[in-house]
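One structure below.
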Amino acid sequence: MPTSSKIFKGYRALGFVSNHVPLLVRYIHKRKENLIITCVGKSFHTYACSRLQLLSVSEPHEADIEVMAADRALVYTAVRRTVRAWRRGTELVHTYPEHSQPVHLLLPFGPHLITVDMDSTLRVWDINSEELYTELSFSNASFRVTCLAHPSTYLNKVLLGSEQGSLELWNLRTSRRVHTFTGWGAAVTALEQAPAVDVMAVGLASGEMILHNLRFDETLMRFQQEWGPVTSLAFRTDGQPVMISGSTQGHVALWDLEERKLLGQMWEAHQGSVTGMAALPSEPLLVTSSPDNSLKVWIFDMPDGGGRLLRARGGHSAPSTFIRFYDERGNILSAGQDSTIRVFSSENDAVSRSFGQASYNRKLSKKRRAGVHDTLTMPPVVSLAASTVREKEWDNIAAVHRGVAQVTTWSFDKQRMGEHRLLPDRLEGRAGRAAAATCADITACGNFVVIGYSTGHVDRFNIQSGLARGSYGDPGHEGAVRGVATTGLVHQVLSAGADSQLKFWRLKTGQLLHSLTLDAPAARMVLHRESSLAAVALDDFSACVVDADGRRVVRRFAGHGGPLTDLCLSPDGAWLLTAGMDCCVRVWSLPQAALVDVLRTDTAPTSVTLGPAGRLLATTHVDDTGVYLWANRTLFDYVSLPPLPADYVPSVAPAPGSAPDDGVVLTAADGEEEEEEVKVDVEEEYACPQQLADQLVTLSLLPESRWAHLLNVDAILKRNKPKEAPKAPKSAPFFLPTVSGLETKFDLSDAAAAEGAADSERILHLGALAPVTELGRLLLKAETGDDEHYDAVMTLLKTFGPWQLDSELRQLAPAPGSSPKLLRLFLMTLHHQLDSCRDYELAQAYLGLFLKLHGPAISESLELRNLVDKLSTSQAAAWERVQGRINSALCLVSFLRSSTIS
């Protein structure tokens, strides 16, 4: 099967914060901060509690994470039957043998880890050795384990709650049951240790909460919440005797333990069940999470002891339906099936915000009473239109809702829903129930909104006042209007309908200028105002491009195997991107009139949009709450785009994770020290220069003055020539041999050997009379081809200054009539250095000086010329490697700089 997309590569995913798995809170002593861990499917996120800043994203698992736990050193995750331990949120350090059934409970227990599977088999593992310590089996018919907790000060003991309602206290060291608690006639859904010793809070499926003394088996207090089962429990430890409970309806209740009464309620803290809850130690803060894809921090500073929202992060609680890039800063407007509109930033997550939920009566919905939102919430948004021209003066976003004739306005500057409900007079009352708005567009001037309806009408409204300013036709189409657009000069309106007609209207007067018949009913339409090209998706799974100025079809494209869900044109007007239910995003080249690339995903895309300058492609998918970003490879690398067959189907491209690279730490989260009781001995692998050179190119780190001016040594020496003649050094004794070079050194290496040598070995060879420097002797040893000898030569060269190196290389020249052996060995040394990609700048500088000094000698020797040819090939390969990485780095820096400026 062909490879995945050539143009687009997965970059990152936006809008994932939490799911049904309860959150975790860890206090890091070195950071002096609490870290919050949430699950987002196959990965888990780590946030800093101070600003809810995303610190790290774990490596993706093979399936969704079902349960998590954490201690002071590690984070534990269970996926089906496999349990893993992670350090610093990204480093996998332990994997424990599989259970026979999926694991649904985890509890760190000192140096051990307790796991419980769906068969109620409890296993205790040694964390460091990964060995099984003990195992307990329970019968699901009589005691199905639903939760477990470790009572404070109870050595080696754990409390188990069951679906049948009873509780059991077990000693894990002896594997014996200490005591059985009969329960209260309902399944145990939550267990939480109270600040008082021996007291455990028990949450039941009946909504009842019990404070029970384990030592005396005595119930101290009972509370009842009216919102269904208790999903989570927490206790404030900042001096206030308050217990906090969460419910399946998203409400949070505060219970005064001294007065034994309800202290307060936080209505609709979440849109879904409050599955995760933790009160921060010694702080008036509460952290909650929910399957509604939100994480919230509450502070208890209200006069009545209640809490208010302090910080929050969230995404859509239901799948996204429509997205569009809003401005040049990379902000993305997103609408979801939860009837909310959000803005996600592709550059900075801290900018992401929620504009709230669409409501028929926004003021009434602010009262935050149970059940109010169910009756006032509007249907999901299916289409958005926005303009940045007048965003600070009045509402600049128009939202079309599913099956509703009203079009709502929103303000990007105020980040909330506006006051206007755009509805023509003819649809007031009962007439409006049979009609629905289907599409909308805002003019380039930001003053008018053009809306198409299912009745075939097209109307224009003033977005500032919300008043109707005209209509086009009566009606404009015989069927539903599927797409409307206004040209960049604000003089024409284009409308495409289910009657296979594309009509051109004069914006100011409503006069019909032209009518164009399409091959099939239109499904949707977008207009590229700079080039006046309109792209229309048709019901026959094809798309066409219309020249709005010439009012004719200029391109037709067909190849999708299902209905088209969305389409967009690139900022330069060169590409048309179409998304279909066949799980493909196809890229069509308008100049070539051909398919050039296909992005195939696991699930069908529902909306696509290209960002400023075409840097990023954003997509949403069926039954997915996130927004996926894909990087455009053509901006930082050469990509060949030959025409492809219309039925071309590549392999599936993996969906990007929540970090630019999966498992990469976004912000340093160091300081997660390992406690003495749970030590993990994992040695960090050191990357030596040789290991780095296998993937990169290493430099010598020598000062630039040591190698940058080697070719200009003669000029530098002439310029720095002293005014007075240098004094001659003291002559050495005649009987001591010296080593040739700039420094006077005595050669005593052969003294001992000369004393015991036989007379026959004391024959003097004329070739030995030639002076050999220390560099020459090391080169002669490197003739064996060992890497150690080559490294020794480079180590010696690094100790030389520029003029000393010049002198040493000059002395490598062969004597008249002798072989250029030293020159050959030096070239071999440089060849080895270029192949190893180490000390790259030194090898280049030494090669330049060597060729300058010994060029004539090399040209006269056939052996040296052949060796220089091989060296040239190695040098070219090394430079291509360096140049490619430099170009990639420059493109990345240019991309980041343009993103920051925009």
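Here, A, B, ... name the chains of the structure tokens in the order displayed, residue numbers run from 1 inside each chain, and ligands are numbered from 1 in the same displayed order.
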
Practice task
Find the residues around segment 213-224 of chain A up to 6 Å (only C-alpha atoms counted), leave out those fewer than 6 positions away in its own chain, and share them as an MDAnalysis selection string.
Solution key: chainID A and resid 198:199 207

Problem - Test item: residues at most 9 Å from segment 581-588 of chain A, only C-alpha atoms, excluding those fewer than 2 positions along its chain, as a ChimeraX atom specification - result: /A:557,559-565,567,574-579,590,592-606,608,621,649

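Reported to one decimal place, the separation of atom CA of Thr388 of chain A from atom CA of Arg469 of chain A is 21.4 Å.
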
Exercise for the section: Rounded to one decimal place, report the atom CA of Glu393 of chain A-atom CA of Ser411 of chain A distance in Å. Expected result: 9.2 Å

Exercise for the section: Counting only C-alpha atoms, figure out which residue out of A:Asn632, A:Thr619, A:Gln240, A:Gln511 gets nearest to Gly473 of chain A. Expected result: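 Of A:Asn632, A:Thr619, A:Gln240, A:Gln511, the one nearest Gly473 of chain A is A:Gln511, counting only C-alpha atoms.
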
Problem - Which of A:Val25, A:Leu54, A:Leu376, A:Val389 sits closest to Met277 of chain A [using only C-alpha atoms] - result: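 Once distances to Met277 of chain A are computed over only C-alpha atoms, the minimum belongs to A:Val25.
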
Exercise for the section: Tell me, as a PyMOL selection string, which residues lie within 6 Å of segment 150-166 of chain A, counting only C-alpha atoms; anything in the same chain fewer than 5 positions away does not count. Expected result: chain A and resi 143-145+171-172+181-183+185-188

Exercise for the section: Give the answer as one residue: which of A:Ser705, A:Tyr453, A:Ser58, A:Thr38 has the shortest atom-to-atom distance to Ala659 of chain A, using only C-alpha atoms? Expected result: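 Ranking A:Ser705, A:Tyr453, A:Ser58, A:Thr38 by distance to Ala659 of chain A, first place goes to A:Ser58.
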
Handout entry: Two-atom distance - atom CA of Ser50 of chain A, atom CA of Gly657 of chain A (Å)
Key =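 One can read the atom CA of Ser50 of chain A to atom CA of Gly657 of chain A distance as 24.0 Å.
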
Problem - Which of segment 354-509 of chain A fall in strand (DSSP E or B), as a PyMOL selection string - result: chain A and resi 354-357+359+377+381-386+397-401+407-411+416-422+437-442+448-453+458-462+468-471+481-486+492-497+501-506

Would you mind listing what lies within 9 Å of segment 280-294 of chain A as a tab-separated table (two decimals) with C-alpha atoms, in the first residue's frame, with only C-alpha atoms counted and same-chain residues fewer than 2 positions away left out?
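Dumped everything to around35.tsv:
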```tsv
chain	number	residue	atom	x	y	z
A	15	GLY	CA	-8.66	20.25	23.15
A	16	PHE	CA	-7.85	17.12	25.19
A	17	VAL	CA	-7.81	17.68	28.96
A	18	SER	CA	-9.44	14.80	30.87
A	19	ASN	CA	-11.81	11.87	30.65
A	20	HIS	CA	-13.60	9.50	33.05
A	21	VAL	CA	-10.36	8.32	34.74
A	22	PRO	CA	-9.97	10.20	38.09
A	23	LEU	CA	-7.21	12.77	38.32
A	25	VAL	CA	-2.31	15.00	42.60
A	27	TYR	CA	3.43	17.18	45.59
A	34	ASN	CA	1.49	20.25	43.28
A	36	ILE	CA	-2.03	17.32	38.51
A	38	THR	CA	-5.17	13.61	34.01
A	40	VAL	CA	-6.79	11.70	27.86
A	49	CYS	CA	-1.31	23.46	39.65
A	234	ALA	CA	-12.35	14.67	49.59
A	236	ARG	CA	-10.24	19.93	53.39
A	237	THR	CA	-7.02	19.93	55.41
A	238	ASP	CA	-6.55	23.68	55.79
A	239	GLY	CA	-8.20	23.83	59.21
A	240	GLN	CA	-11.82	23.65	58.08
A	246	GLY	CA	-19.13	14.72	43.86
A	250	GLY	CA	-21.84	17.36	37.95
A	269	ALA	CA	-19.45	22.36	38.57
A	270	HIS	CA	-19.11	20.10	35.53
A	271	GLN	CA	-21.37	19.15	32.67
A	272	GLY	CA	-20.67	15.49	33.39
A	273	SER	CA	-20.02	13.29	36.37
A	274	VAL	CA	-17.41	14.50	38.87
A	275	THR	CA	-15.13	11.47	38.65
A	276	GLY	CA	-11.93	13.04	39.99
A	277	MET	CA	-11.59	15.16	43.10
A	278	ALA	CA	-8.68	16.12	45.35
A	296	LYS	CA	-10.98	22.94	37.27
A	297	VAL	CA	-9.39	24.44	40.36
A	298	TRP	CA	-11.76	25.89	42.99
A	299	ILE	CA	-10.86	28.20	45.86
A	300	PHE	CA	-12.87	28.43	49.08
A	301	ASP	CA	-12.82	32.16	49.83
A	307	GLY	CA	-16.06	27.82	46.52
A	310	LEU	CA	-10.17	29.91	40.19
A	312	ALA	CA	-9.87	25.95	34.43
A	313	ARG	CA	-8.75	24.13	31.34
A	314	GLY	CA	-11.13	22.37	29.03
A	315	GLY	CA	-12.21	21.31	25.60
A	316	HIS	CA	-15.43	20.29	23.96
A	317	SER	CA	-17.43	17.79	25.98
A	318	ALA	CA	-18.97	16.47	22.75
A	625	THR	CA	-13.67	16.00	20.78
```

Practice task
Find the residues near Ile332 of chain A: any atom within 12 Å, counting only C-alpha atoms, skip ones fewer than 2 places away on the same chain, and give them as number ranges by chain.
Solution key: A: 14-15, 322-330, 334-335, 341-349, 351-354, 384, 386, 412, 608-612, 616-620, 627-629
